[in-house]
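Contents: one structure, followed by commentary.
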There are 2 protein chains.
Amino acid sequence: MSTRLAYSSYPFPDASGVFDGHPAIGLPVTALPTPAPLIDLPTLERNIATMAAFFADRPAAIRPHSKTHRTPVVARMQVAAGAKGVTAPKTSVAEAMVDGGIDDVFVANQVVSPAMIGRLVALAGRARVSVLTDDARNVAALSEAAAAAGATLDVLVEIDGGMGRCGTRPGAPTVALAAEIARAPGLRFAGVHVYEGHLVQVPDRAERTRATEAMLDLGLETAGLIRRAGIDVETVTCGGTGTYDISGVYPGVTEHQAGSYVYMDPGYQRKAPAFGLAFSLLSTVLSTPSPDRVVVDSGLQVLSTGGGEAAAKGHPELALKGLSEEHGTFIRTDGGATGLRAGDLVEIHPGHCCAAANLHDTVYAVRAGAVEAVWAVTARGRSQ
Amino acid sequence: MSTRLAYSSYPFPDASGVFDGHPAIGLPVTALPTPAPLIDLPTLERNIATMAAFFADRPAAIRPHSKTHRTPVVARMQVAAGAKGVTAPKTSVAEAMVDGGIDDVFVANQVVSPAMIGRLVALAGRARVSVLTDDARNVAALSEAAAAAGATLDVLVEIDGGMGRCGTRPGAPTVALAAEIARAPGLRFAGVHVYEGHLVQVPDRAERTRATEAMLDLGLETAGLIRRAGIDVETVTCGGTGTYDISGVYPGVTEHQAGSYVYMDPGYQRKAPAFGLAFSLLSTVLSTPSPDRVVVDSGLQVLSTGGGEAAAKGHPELALKGLSEEHGTFIRTDGGATGLRAGDLVEIHPGHCCAAANLHDTVYAVRAGAVEAVWAVTARGRSQ
């Protein structure tokens, strides 16, 4: 009897990713095979409530970015707390969110390949779907597909606010593209997107505020020009966790896409201290090559290296020395003994929760040291 | 009808990870949703044949590291070409390899948690399984579990050859641990492992050779001391792709664990030019913010950032500017125009194939521009 066959006797998750009756439910976390991805439920619930409360009485709505968790169960918690819908990084993540019960998804990206345009338009027949563009040929392709399917697709123009990635230039080029969308069959011009991704981690708060507001001014001026051209601009959307209380309250902004706050990262937390670290990898000490050093069984294949430094929960005396594929090495920088030995358990917070979450098919939701629920990360690996 | 439900009508792969009758088989690669993980079959076959030919008449055997591909179909190709078995980074990868038809797996790591020791010993009842240790308490735990299960587990001592991760010190401490293993019920002392992971990427070939051989001398001297203590040392194992023709031919070495050669990385290739780049992500140009720059739909969530720089296949004029989660930006460093526009297809080779392969559940095996086979990456995400 193979382990894979044994796994297939697990209950399948439902469409929203809940494993009812998973054999891990009720177990102490110490019984899990490590590395084990854990979600600390009290911290997760507090993070969601904190963000929801911040936006509850504001002009702008929160539309959390599902790229962080890729888990419909978490998205449903965010919507239940007041989020308007979710943001998705790609069409295939949006599909997973709709399959999991979310009825309003914004794909904050260009969709240009014929296969993915087809899937996007099909999804727009099942839920409210909006998408970005920065190109007239792309507008024509989206329009043709939507019209042929009898669907209506909400389209926003991505304005490059200085990040230098995708996006139109503010001003006339954006107005022209908005007009193109407004008259395209099957499409509805829904607004503009301008993203401060290059600014959300600026360490100095005053500098971060100044630069973000300058960027937003470009987007809002362009939104004004579009309105003056007789085209309604329903949505002005932006945002990341490092600026939720800057761009999220700036007059004229209607939606904010913060994502990382829900799991949070050790480094990012210094810029958004209202949120706790909800995601960790329960890890086993494999070796203690010297008294000041421990090697754990969590490496870059479970923590990722996508920016930011991993940290050992409850061990401020330990610093990350390095990650190899299947090993993480931590040291006491003061040269003292760690007091840990092979077999001991340590929780490691990933340096970049969005990249780490995309490495795990399921996560264990934990309260008071026991597994309360098991969730499928149904959008894991979905980058199409 | 949801996309997820449509997916579930796909044929399931067999235990070795082959999708018979997958609807993508026979399609031109241009029909795949992007980013799409591609394996170039002629390059893969050539890489496997080249490594097999190198070891065919040598004293040492090749035991390729399955951490690179995590795909039993590829492991079976390696074994069919002459590999002795495979190396695995963790017990759960070893399980996937045995499930996929490999009958000899070396777990080149410590296994210390009770849950994983139990799974390792169960696996040893189904295949030849060997494992590393560097600790007497771990030896006792392995012995107790193996004896209780009536299994025999091959155990090697990991010697720290200067990498500073896991491992015993060369000389007396290693001899003592070998003796401990040799007398432990349920265990068989199988040899020593010493790994030049810190040396495989040394750019200067002469310096790489000198340092690797100095490290091997430490391991081989210790193997001599163990033999003098009356204990047989069947296996002396080491190796990475950057040193296969250094440590793989060093007298006294019996097995080599090179892994990356099978898919290869753009940077690593400079140290092992006999191997081609077999793994890529078929990507779509999303945007061309300036004539010298393209943004593709492959970012760190499909390419990973685990060391090394991604490269655009067939486009030596393009250099990686940066990866964000779902975007890759490439520029012409000479300021010239790329000639690409939104919607064009480009293949991107990941900077670190082992980390990138662990992001994909299935890969498309391609010959002459068409999908010849679809393989399940059954060990993806298995880091326990």
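Ordering of the structure tokens sets the chain letters (A, B, ...), residue numbers begin anew at 1 in every chain, and ligands are numbered from 1 in the order given.
The neighbours of Pro273 in chain B here are the residues that come within 12 Å of it, using only C-alpha atoms and leaving out any residue fewer than 2 positions away in the same chain; they are Asn47, Thr50, Met51, Thr241, Gly242, Thr243, Tyr244, Asp245, Tyr261, Met264, Asp265, Pro266, Gly267, Tyr268, Gln269, Arg270, Lys271, Phe275, Gly276 and Leu277 of chain B.
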Problem - Non-local contacts of Ala337 in chain B (9 Å; only C-alpha atoms; under 4 positions in same chain excluded) as a list in words - result: Ser290, Pro291, Asp292, Arg293, Ile331 and Arg332 of chain B
For chain B, work out the contacting residues on chain A at 6 Å, counting only C-alpha atoms, and write them as a CSV table (one decimal) with C-alpha atoms, in the first residue's frame.
chain,number,residue,atom,x,y,z
A,33,PRO,CA,5.0,15.9,9.8
A,34,THR,CA,7.4,18.8,9.4
A,35,PRO,CA,7.8,21.2,7.8
A,112,VAL,CA,-3.2,39.0,-23.5
A,113,SER,CA,-2.9,35.4,-24.7
A,115,ALA,CA,-6.3,31.1,-24.3
A,166,CYS,CA,3.2,47.7,-17.1
A,287,SER,CA,21.4,19.3,13.6
A,343,GLY,CA,14.4,16.9,17.3
A,384,GLN,CA,-1.8,31.5,-15.9
Problem - Non-local contacts of Val139 in chain B (12 Å; only C-alpha atoms; under 4 positions in same chain excluded) as a ChimeraX atom specification - result: /A:342 /B:110-112,117,131-135,143-147,153-157,176-189
Taking N, CA and C atoms for each residue, export the selection above as an mmCIF file, in the first residue's frame.
data_model
loop_
_atom_site.group_PDB
_atom_site.id
_atom_site.type_symbol
_atom_site.label_atom_id
_atom_site.label_comp_id
_atom_site.auth_asym_id
_atom_site.auth_seq_id
_atom_site.Cartn_x
_atom_site.Cartn_y
_atom_site.Cartn_z
ATOM 1 N N ALA A 342 18.697 18.526 18.311
ATOM 2 C CA ALA A 342 18.042 17.821 17.212
ATOM 3 C C ALA A 342 16.726 17.211 17.688
ATOM 4 N N GLN B 110 19.243 14.316 7.177
ATOM 5 C CA GLN B 110 18.858 13.781 8.471
ATOM 6 C C GLN B 110 17.336 13.627 8.522
ATOM 7 N N VAL B 111 16.870 12.565 9.128
ATOM 8 C CA VAL B 111 15.433 12.397 9.379
ATOM 9 C C VAL B 111 15.291 12.202 10.884
ATOM 10 N N VAL B 112 14.701 13.176 11.568
ATOM 11 C CA VAL B 112 14.732 13.122 13.037
ATOM 12 C C VAL B 112 13.361 13.145 13.692
ATOM 13 N N ILE B 117 10.454 9.540 10.726
ATOM 14 C CA ILE B 117 11.201 8.291 10.900
ATOM 15 C C ILE B 117 10.284 7.102 10.630
ATOM 16 N N VAL B 131 19.899 6.490 4.343
ATOM 17 C CA VAL B 131 19.666 7.805 4.949
ATOM 18 C C VAL B 131 20.938 8.258 5.655
ATOM 19 N N LEU B 132 21.023 9.567 5.897
ATOM 20 C CA LEU B 132 22.169 10.139 6.613
ATOM 21 C C LEU B 132 21.878 10.319 8.093
ATOM 22 N N THR B 133 22.941 10.348 8.878
ATOM 23 C CA THR B 133 22.821 10.783 10.267
ATOM 24 C C THR B 133 24.106 11.498 10.658
ATOM 25 N N ASP B 134 24.017 12.295 11.733
ATOM 26 C CA ASP B 134 25.228 12.914 12.299
ATOM 27 C C ASP B 134 25.154 12.953 13.825
ATOM 28 N N ASP B 135 24.296 12.078 14.394
ATOM 29 C CA ASP B 135 23.967 12.230 15.810
ATOM 30 C C ASP B 135 23.603 10.885 16.439
ATOM 31 N N SER B 143 17.192 3.206 14.871
ATOM 32 C CA SER B 143 17.339 1.787 15.184
ATOM 33 C C SER B 143 16.069 1.238 15.831
ATOM 34 N N GLU B 144 15.554 1.969 16.777
ATOM 35 C CA GLU B 144 14.349 1.513 17.479
ATOM 36 C C GLU B 144 13.177 1.339 16.507
ATOM 37 N N ALA B 145 13.010 2.330 15.611
ATOM 38 C CA ALA B 145 11.895 2.262 14.659
ATOM 39 C C ALA B 145 12.094 1.124 13.657
ATOM 40 N N ALA B 146 13.311 0.976 13.149
ATOM 41 C CA ALA B 146 13.576 -0.065 12.152
ATOM 42 C C ALA B 146 13.412 -1.448 12.771
ATOM 43 N N ALA B 147 13.961 -1.623 13.965
ATOM 44 C CA ALA B 147 13.866 -2.926 14.626
ATOM 45 C C ALA B 147 12.405 -3.275 14.916
ATOM 46 N N LEU B 153 17.473 -0.659 7.574
ATOM 47 C CA LEU B 153 17.699 0.662 7.005
ATOM 48 C C LEU B 153 19.195 0.853 6.831
ATOM 49 N N ASP B 154 19.615 1.238 5.635
ATOM 50 C CA ASP B 154 21.023 1.571 5.401
ATOM 51 C C ASP B 154 21.284 2.979 5.911
ATOM 52 N N VAL B 155 22.316 3.141 6.720
ATOM 53 C CA VAL B 155 22.605 4.456 7.291
ATOM 54 C C VAL B 155 24.043 4.849 6.970
ATOM 55 N N LEU B 156 24.205 6.072 6.469
ATOM 56 C CA LEU B 156 25.524 6.642 6.209
ATOM 57 C C LEU B 156 25.746 7.791 7.172
ATOM 58 N N VAL B 157 26.999 8.022 7.519
ATOM 59 C CA VAL B 157 27.310 9.194 8.332
ATOM 60 C C VAL B 157 27.582 10.370 7.405
ATOM 61 N N ALA B 176 33.412 6.960 15.629
ATOM 62 C CA ALA B 176 32.598 6.543 16.778
ATOM 63 C C ALA B 176 31.137 6.364 16.376
ATOM 64 N N LEU B 177 30.640 7.284 15.559
ATOM 65 C CA LEU B 177 29.242 7.194 15.145
ATOM 66 C C LEU B 177 29.032 6.006 14.194
ATOM 67 N N ALA B 178 30.002 5.767 13.328
ATOM 68 C CA ALA B 178 29.909 4.600 12.434
ATOM 69 C C ALA B 178 29.817 3.309 13.249
ATOM 70 N N ALA B 179 30.608 3.229 14.301
ATOM 71 C CA ALA B 179 30.590 2.032 15.158
ATOM 72 C C ALA B 179 29.227 1.872 15.832
ATOM 73 N N GLU B 180 28.675 2.991 16.245
ATOM 74 C CA GLU B 180 27.343 3.003 16.871
ATOM 75 C C GLU B 180 26.291 2.435 15.907
ATOM 76 N N ILE B 181 26.346 2.897 14.664
ATOM 77 C CA ILE B 181 25.398 2.421 13.643
ATOM 78 C C ILE B 181 25.600 0.922 13.398
ATOM 79 N N ALA B 182 26.889 0.526 13.289
ATOM 80 C CA ALA B 182 27.202 -0.861 12.931
ATOM 81 C C ALA B 182 26.648 -1.851 13.949
ATOM 82 N N ARG B 183 26.536 -1.424 15.213
ATOM 83 C CA ARG B 183 26.026 -2.365 16.215
ATOM 84 C C ARG B 183 24.549 -2.140 16.549
ATOM 85 N N ALA B 184 23.883 -1.183 15.853
ATOM 86 C CA ALA B 184 22.482 -0.884 16.194
ATOM 87 C C ALA B 184 21.541 -1.848 15.478
ATOM 88 N N PRO B 185 20.608 -2.472 16.203
ATOM 89 C CA PRO B 185 19.634 -3.369 15.572
ATOM 90 C C PRO B 185 18.810 -2.627 14.514
ATOM 91 N N GLY B 186 18.532 -3.301 13.414
ATOM 92 C CA GLY B 186 17.700 -2.706 12.361
ATOM 93 C C GLY B 186 18.452 -1.810 11.401
ATOM 94 N N LEU B 187 19.702 -1.471 11.746
ATOM 95 C CA LEU B 187 20.473 -0.578 10.880
ATOM 96 C C LEU B 187 21.659 -1.321 10.272
ATOM 97 N N ARG B 188 22.078 -0.863 9.096
ATOM 98 C CA ARG B 188 23.283 -1.365 8.469
ATOM 99 C C ARG B 188 24.159 -0.160 8.170
ATOM 100 N N PHE B 189 25.398 -0.140 8.659
ATOM 101 C CA PHE B 189 26.283 0.971 8.327
ATOM 102 C C PHE B 189 26.688 0.826 6.860
#
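Between CA of Phe279 in chain A and CA of Ala258 in chain A the interatomic distance comes to 16.6 Å.
One distance worth recording is that between CA of Leu318 in chain A and CA of Pro203 in chain A, which is 23.0 Å.
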How would you write, as an mmCIF file with C-alpha atoms, in the first residue's frame, the set of residues in range 34-231 of chain B that DSSP gives as strand (DSSP E)?
data_model
loop_
_atom_site.group_PDB
_atom_site.id
_atom_site.type_symbol
_atom_site.label_atom_id
_atom_site.label_comp_id
_atom_site.auth_asym_id
_atom_site.auth_seq_id
_atom_site.Cartn_x
_atom_site.Cartn_y
_atom_site.Cartn_z
ATOM 1 C CA ALA B 36 3.638 26.900 -19.253
ATOM 2 C CA PRO B 37 6.495 24.747 -17.889
ATOM 3 C CA LEU B 38 8.203 23.050 -20.844
ATOM 4 C CA ILE B 39 10.769 20.251 -20.905
ATOM 5 C CA ASP B 40 12.725 20.160 -24.143
ATOM 6 C CA ALA B 61 28.162 5.238 -10.096
ATOM 7 C CA ILE B 62 25.814 8.144 -10.805
ATOM 8 C CA VAL B 86 18.222 8.227 -7.122
ATOM 9 C CA THR B 87 19.084 10.637 -4.352
ATOM 10 C CA ALA B 88 16.207 12.407 -2.579
ATOM 11 C CA ASP B 104 16.719 2.310 -4.618
ATOM 12 C CA VAL B 105 16.576 5.741 -2.987
ATOM 13 C CA PHE B 106 19.153 7.549 -0.862
ATOM 14 C CA VAL B 107 17.691 10.257 1.399
ATOM 15 C CA ALA B 108 20.656 12.635 1.597
ATOM 16 C CA ASN B 109 19.463 14.282 4.771
ATOM 17 C CA GLN B 110 18.858 13.781 8.471
ATOM 18 C CA ARG B 128 16.205 -0.163 -0.737
ATOM 19 C CA VAL B 129 16.393 3.003 1.354
ATOM 20 C CA SER B 130 19.463 4.705 2.795
ATOM 21 C CA VAL B 131 19.666 7.805 4.949
ATOM 22 C CA LEU B 132 22.169 10.139 6.613
ATOM 23 C CA THR B 133 22.821 10.783 10.267
ATOM 24 C CA LEU B 153 17.699 0.662 7.005
ATOM 25 C CA ASP B 154 21.023 1.571 5.401
ATOM 26 C CA VAL B 155 22.605 4.456 7.291
ATOM 27 C CA LEU B 156 25.524 6.642 6.209
ATOM 28 C CA VAL B 157 27.310 9.194 8.332
ATOM 29 C CA GLU B 158 27.267 12.733 6.983
ATOM 30 C CA ILE B 159 30.697 14.272 7.439
ATOM 31 C CA LEU B 187 20.473 -0.578 10.880
ATOM 32 C CA ARG B 188 23.283 -1.365 8.469
ATOM 33 C CA PHE B 189 26.283 0.971 8.327
ATOM 34 C CA ALA B 190 26.564 1.730 4.608
ATOM 35 C CA GLY B 191 29.266 4.358 4.358
ATOM 36 C CA VAL B 192 29.961 8.079 4.442
ATOM 37 C CA HIS B 193 28.654 11.166 2.675
ATOM 38 C CA VAL B 194 30.619 14.367 2.275
#
Problem - CA of Ile48 in chain B to CA of Gln78 in chain B, straight-line distance in Å - result: 6.1 Å
Practice task
Name the residues of range 30-166 of chain A that fall into alpha helix (DSSP H) according to DSSP on the backbone, using the chain letters and numbers of this document, as JSON, numbers by chain.
Solution key: {"A": [41, 42, 43, 44, 45, 46, 47, 48, 49, 50, 51, 52, 53, 54, 55, 56, 72, 73, 74, 75, 76, 77, 78, 79, 80, 91, 92, 93, 94, 95, 96, 97, 98, 99, 114, 115, 116, 117, 118, 119, 120, 121, 122, 123, 124, 136, 137, 138, 139, 140, 141, 142, 143, 144, 145, 146, 147, 148, 149]}
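Every protein, DNA or RNA residue with an atom at most 7 Å from Thr254 in chain A, where only C-alpha atoms count and chain neighbours fewer than 6 positions away do not, is listed here: A:Pro59, A:Ala60, A:Ala61, A:Thr235, A:Val236, A:Thr237.
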Take the residues from that selection and put them in a file with N, CA, C and O atoms, as a compact mmCIF listing (two decimals), in the first residue's frame.
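result.txt written:
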# COMPACT_ATOMS: atom_id res chain seq x y z
N PRO A 59 -14.43 56.30 2.72
CA PRO A 59 -14.96 56.33 1.35
C PRO A 59 -14.45 55.16 0.51
O PRO A 59 -15.17 54.66 -0.35
N ALA A 60 -13.22 54.71 0.74
CA ALA A 60 -12.67 53.61 -0.06
C ALA A 60 -13.04 52.26 0.54
O ALA A 60 -13.20 52.12 1.75
N ALA A 61 -13.14 51.26 -0.33
CA ALA A 61 -13.40 49.88 0.11
C ALA A 61 -12.09 49.10 0.09
O ALA A 61 -11.18 49.42 -0.67
N THR A 235 -14.11 53.63 -10.56
CA THR A 235 -13.13 53.07 -9.65
C THR A 235 -11.75 53.71 -9.84
O THR A 235 -11.27 53.83 -10.97
N VAL A 236 -11.15 54.09 -8.73
CA VAL A 236 -9.72 54.44 -8.71
C VAL A 236 -9.10 53.52 -7.67
O VAL A 236 -9.39 53.63 -6.47
N THR A 237 -8.27 52.58 -8.13
CA THR A 237 -7.79 51.54 -7.23
C THR A 237 -6.27 51.53 -7.18
O THR A 237 -5.60 51.86 -8.15
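Distances here use only C-alpha atoms; by that measure, the residue among A:Ala373, A:Val262, A:Leu281, A:Ala223 closest to Pro64 in chain A is A:Val262.
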Handout entry: Contact residues around Ala310 in chain B with only C-alpha atoms at 8 Å, ignoring same-chain residues under 6 positions, as a PyMOL selection string
Key = chain B and resi 266+303+320+348-352
Problem - Long-range neighbours of range 247-252 of chain B as a ChimeraX atom specification, 7 Å cut-off, only C-alpha atoms, 4 positions minimum in chain - result: /B:60,212-213,220,239,243,256
Practice task
Would you list the contacts of range 18-24 of chain A as number ranges by chain, taking every protein, DNA or RNA residue within 10 Å and counting only C-alpha atoms, but skipping same-chain residues closer than 6 positions in sequence?
Solution key: A: 10-12, 31-32, 71-73, 100, 362, 364, 370-378
Take the residues just selected and output them with all heavy atoms as a compact mmCIF listing (two decimals), in the first residue's frame.
# COMPACT_ATOMS: atom_id res chain seq x y z
N TYR A 10 -7.91 10.30 1.75
CA TYR A 10 -8.31 11.51 2.47
C TYR A 10 -9.60 12.03 1.86
O TYR A 10 -9.82 11.90 0.66
CB TYR A 10 -7.24 12.60 2.30
CG TYR A 10 -6.11 12.55 3.28
CD1 TYR A 10 -5.71 11.36 3.87
CD2 TYR A 10 -5.43 13.71 3.62
CE1 TYR A 10 -4.66 11.33 4.77
CE2 TYR A 10 -4.37 13.68 4.52
CZ TYR A 10 -3.99 12.50 5.09
OH TYR A 10 -2.95 12.48 5.98
N PRO A 11 -10.44 12.67 2.67
CA PRO A 11 -11.59 13.33 2.07
C PRO A 11 -11.10 14.43 1.12
O PRO A 11 -10.08 15.06 1.38
CB PRO A 11 -12.31 13.93 3.27
CG PRO A 11 -11.31 13.97 4.37
CD PRO A 11 -10.33 12.88 4.11
N PHE A 12 -11.78 14.62 -0.01
CA PHE A 12 -11.45 15.73 -0.89
C PHE A 12 -11.99 17.01 -0.27
O PHE A 12 -13.01 17.00 0.43
CB PHE A 12 -12.06 15.52 -2.27
CG PHE A 12 -11.31 14.53 -3.10
CD1 PHE A 12 -11.75 13.22 -3.24
CD2 PHE A 12 -10.13 14.90 -3.74
CE1 PHE A 12 -11.04 12.31 -4.00
CE2 PHE A 12 -9.42 13.99 -4.50
CZ PHE A 12 -9.86 12.69 -4.63
N ALA A 31 2.08 16.77 16.39
CA ALA A 31 1.94 15.48 15.72
C ALA A 31 2.08 15.58 14.20
O ALA A 31 2.09 14.57 13.52
CB ALA A 31 0.57 14.87 16.06
N LEU A 32 2.18 16.81 13.67
CA LEU A 32 2.23 16.98 12.22
C LEU A 32 3.62 16.66 11.69
O LEU A 32 4.63 16.95 12.33
CB LEU A 32 1.86 18.42 11.84
CG LEU A 32 0.45 18.87 12.20
CD1 LEU A 32 0.30 20.37 11.92
CD2 LEU A 32 -0.59 18.08 11.42
N THR A 71 -6.10 31.15 -1.15
CA THR A 71 -6.94 30.21 -0.41
C THR A 71 -8.35 30.78 -0.28
O THR A 71 -8.58 31.74 0.45
CB THR A 71 -6.33 29.99 1.00
OG1 THR A 71 -4.97 29.58 0.84
CG2 THR A 71 -7.10 28.97 1.81
N PRO A 72 -9.33 30.20 -0.99
CA PRO A 72 -10.69 30.76 -0.94
C PRO A 72 -11.27 30.86 0.47
O PRO A 72 -12.03 31.78 0.75
CB PRO A 72 -11.50 29.78 -1.81
CG PRO A 72 -10.51 29.24 -2.78
CD PRO A 72 -9.23 29.12 -2.00
N VAL A 73 -10.91 29.92 1.35
CA VAL A 73 -11.46 30.01 2.72
C VAL A 73 -11.07 31.35 3.35
O VAL A 73 -11.89 32.01 4.00
CB VAL A 73 -10.96 28.86 3.61
CG1 VAL A 73 -11.52 29.00 5.03
CG2 VAL A 73 -11.33 27.51 3.03
N GLY A 100 -14.44 29.06 -5.41
CA GLY A 100 -14.50 28.96 -3.95
C GLY A 100 -15.54 29.87 -3.33
O GLY A 100 -15.56 30.02 -2.11
N THR A 362 -1.84 22.54 1.00
CA THR A 362 -2.81 22.65 2.10
C THR A 362 -2.13 23.35 3.26
O THR A 362 -0.90 23.34 3.39
CB THR A 362 -3.28 21.26 2.61
OG1 THR A 362 -2.12 20.49 2.93
CG2 THR A 362 -4.11 20.52 1.59
N TYR A 364 -2.59 24.11 7.67
CA TYR A 364 -3.24 23.72 8.92
C TYR A 364 -3.60 24.98 9.69
O TYR A 364 -2.72 25.77 10.05
CB TYR A 364 -2.30 22.86 9.76
CG TYR A 364 -1.84 21.60 9.07
CD1 TYR A 364 -0.59 21.53 8.44
CD2 TYR A 364 -2.65 20.46 9.01
CE1 TYR A 364 -0.16 20.38 7.79
CE2 TYR A 364 -2.24 19.31 8.37
CZ TYR A 364 -0.99 19.28 7.76
OH TYR A 364 -0.57 18.14 7.11
N ALA A 370 -3.65 23.22 18.62
CA ALA A 370 -4.26 22.07 17.94
C ALA A 370 -4.79 22.49 16.57
O ALA A 370 -5.12 23.66 16.35
CB ALA A 370 -5.40 21.49 18.79
N VAL A 371 -4.88 21.52 15.68
CA VAL A 371 -5.38 21.79 14.32
C VAL A 371 -6.90 21.92 14.37
O VAL A 371 -7.59 20.96 14.72
CB VAL A 371 -4.97 20.66 13.36
CG1 VAL A 371 -5.54 20.91 11.96
CG2 VAL A 371 -3.44 20.52 13.30
N GLU A 372 -7.40 23.12 14.04
CA GLU A 372 -8.84 23.33 14.07
C GLU A 372 -9.46 23.05 12.69
O GLU A 372 -10.61 22.61 12.60
CB GLU A 372 -9.15 24.77 14.49
CG GLU A 372 -10.64 25.07 14.61
CD GLU A 372 -10.90 26.43 15.24
OE1 GLU A 372 -10.44 26.65 16.38
OE2 GLU A 372 -11.57 27.26 14.60
N ALA A 373 -8.69 23.31 11.64
CA ALA A 373 -9.21 23.09 10.28
C ALA A 373 -8.03 22.86 9.34
O ALA A 373 -6.90 23.23 9.64
CB ALA A 373 -10.01 24.31 9.81
N VAL A 374 -8.34 22.22 8.20
CA VAL A 374 -7.35 22.06 7.13
C VAL A 374 -7.96 22.67 5.87
O VAL A 374 -9.11 22.37 5.53
CB VAL A 374 -7.01 20.57 6.91
CG1 VAL A 374 -5.94 20.42 5.82
CG2 VAL A 374 -6.51 19.93 8.21
N TRP A 375 -7.19 23.56 5.23
CA TRP A 375 -7.69 24.28 4.05
C TRP A 375 -6.84 23.97 2.84
O TRP A 375 -5.61 23.91 2.92
CB TRP A 375 -7.64 25.80 4.30
CG TRP A 375 -8.46 26.26 5.46
CD1 TRP A 375 -9.57 25.67 5.97
CD2 TRP A 375 -8.21 27.44 6.27
NE1 TRP A 375 -10.05 26.42 7.04
CE2 TRP A 375 -9.24 27.49 7.24
CE3 TRP A 375 -7.26 28.45 6.24
CZ2 TRP A 375 -9.32 28.51 8.18
CZ3 TRP A 375 -7.33 29.47 7.18
CH2 TRP A 375 -8.35 29.49 8.14
N ALA A 376 -7.49 23.82 1.71
CA ALA A 376 -6.78 23.65 0.44
C ALA A 376 -6.39 25.02 -0.11
O ALA A 376 -7.21 25.94 -0.14
CB ALA A 376 -7.66 22.92 -0.56
N VAL A 377 -5.15 25.13 -0.53
CA VAL A 377 -4.66 26.35 -1.18
C VAL A 377 -4.97 26.17 -2.68
O VAL A 377 -4.10 25.85 -3.48
CB VAL A 377 -3.16 26.56 -0.91
CG1 VAL A 377 -2.69 27.91 -1.43
CG2 VAL A 377 -2.87 26.44 0.59
N THR A 378 -6.25 26.35 -3.02
CA THR A 378 -6.69 25.91 -4.35
C THR A 378 -6.08 26.73 -5.48
O THR A 378 -6.08 26.27 -6.62
CB THR A 378 -8.23 25.91 -4.48
OG1 THR A 378 -8.70 27.25 -4.29
CG2 THR A 378 -8.88 24.99 -3.46
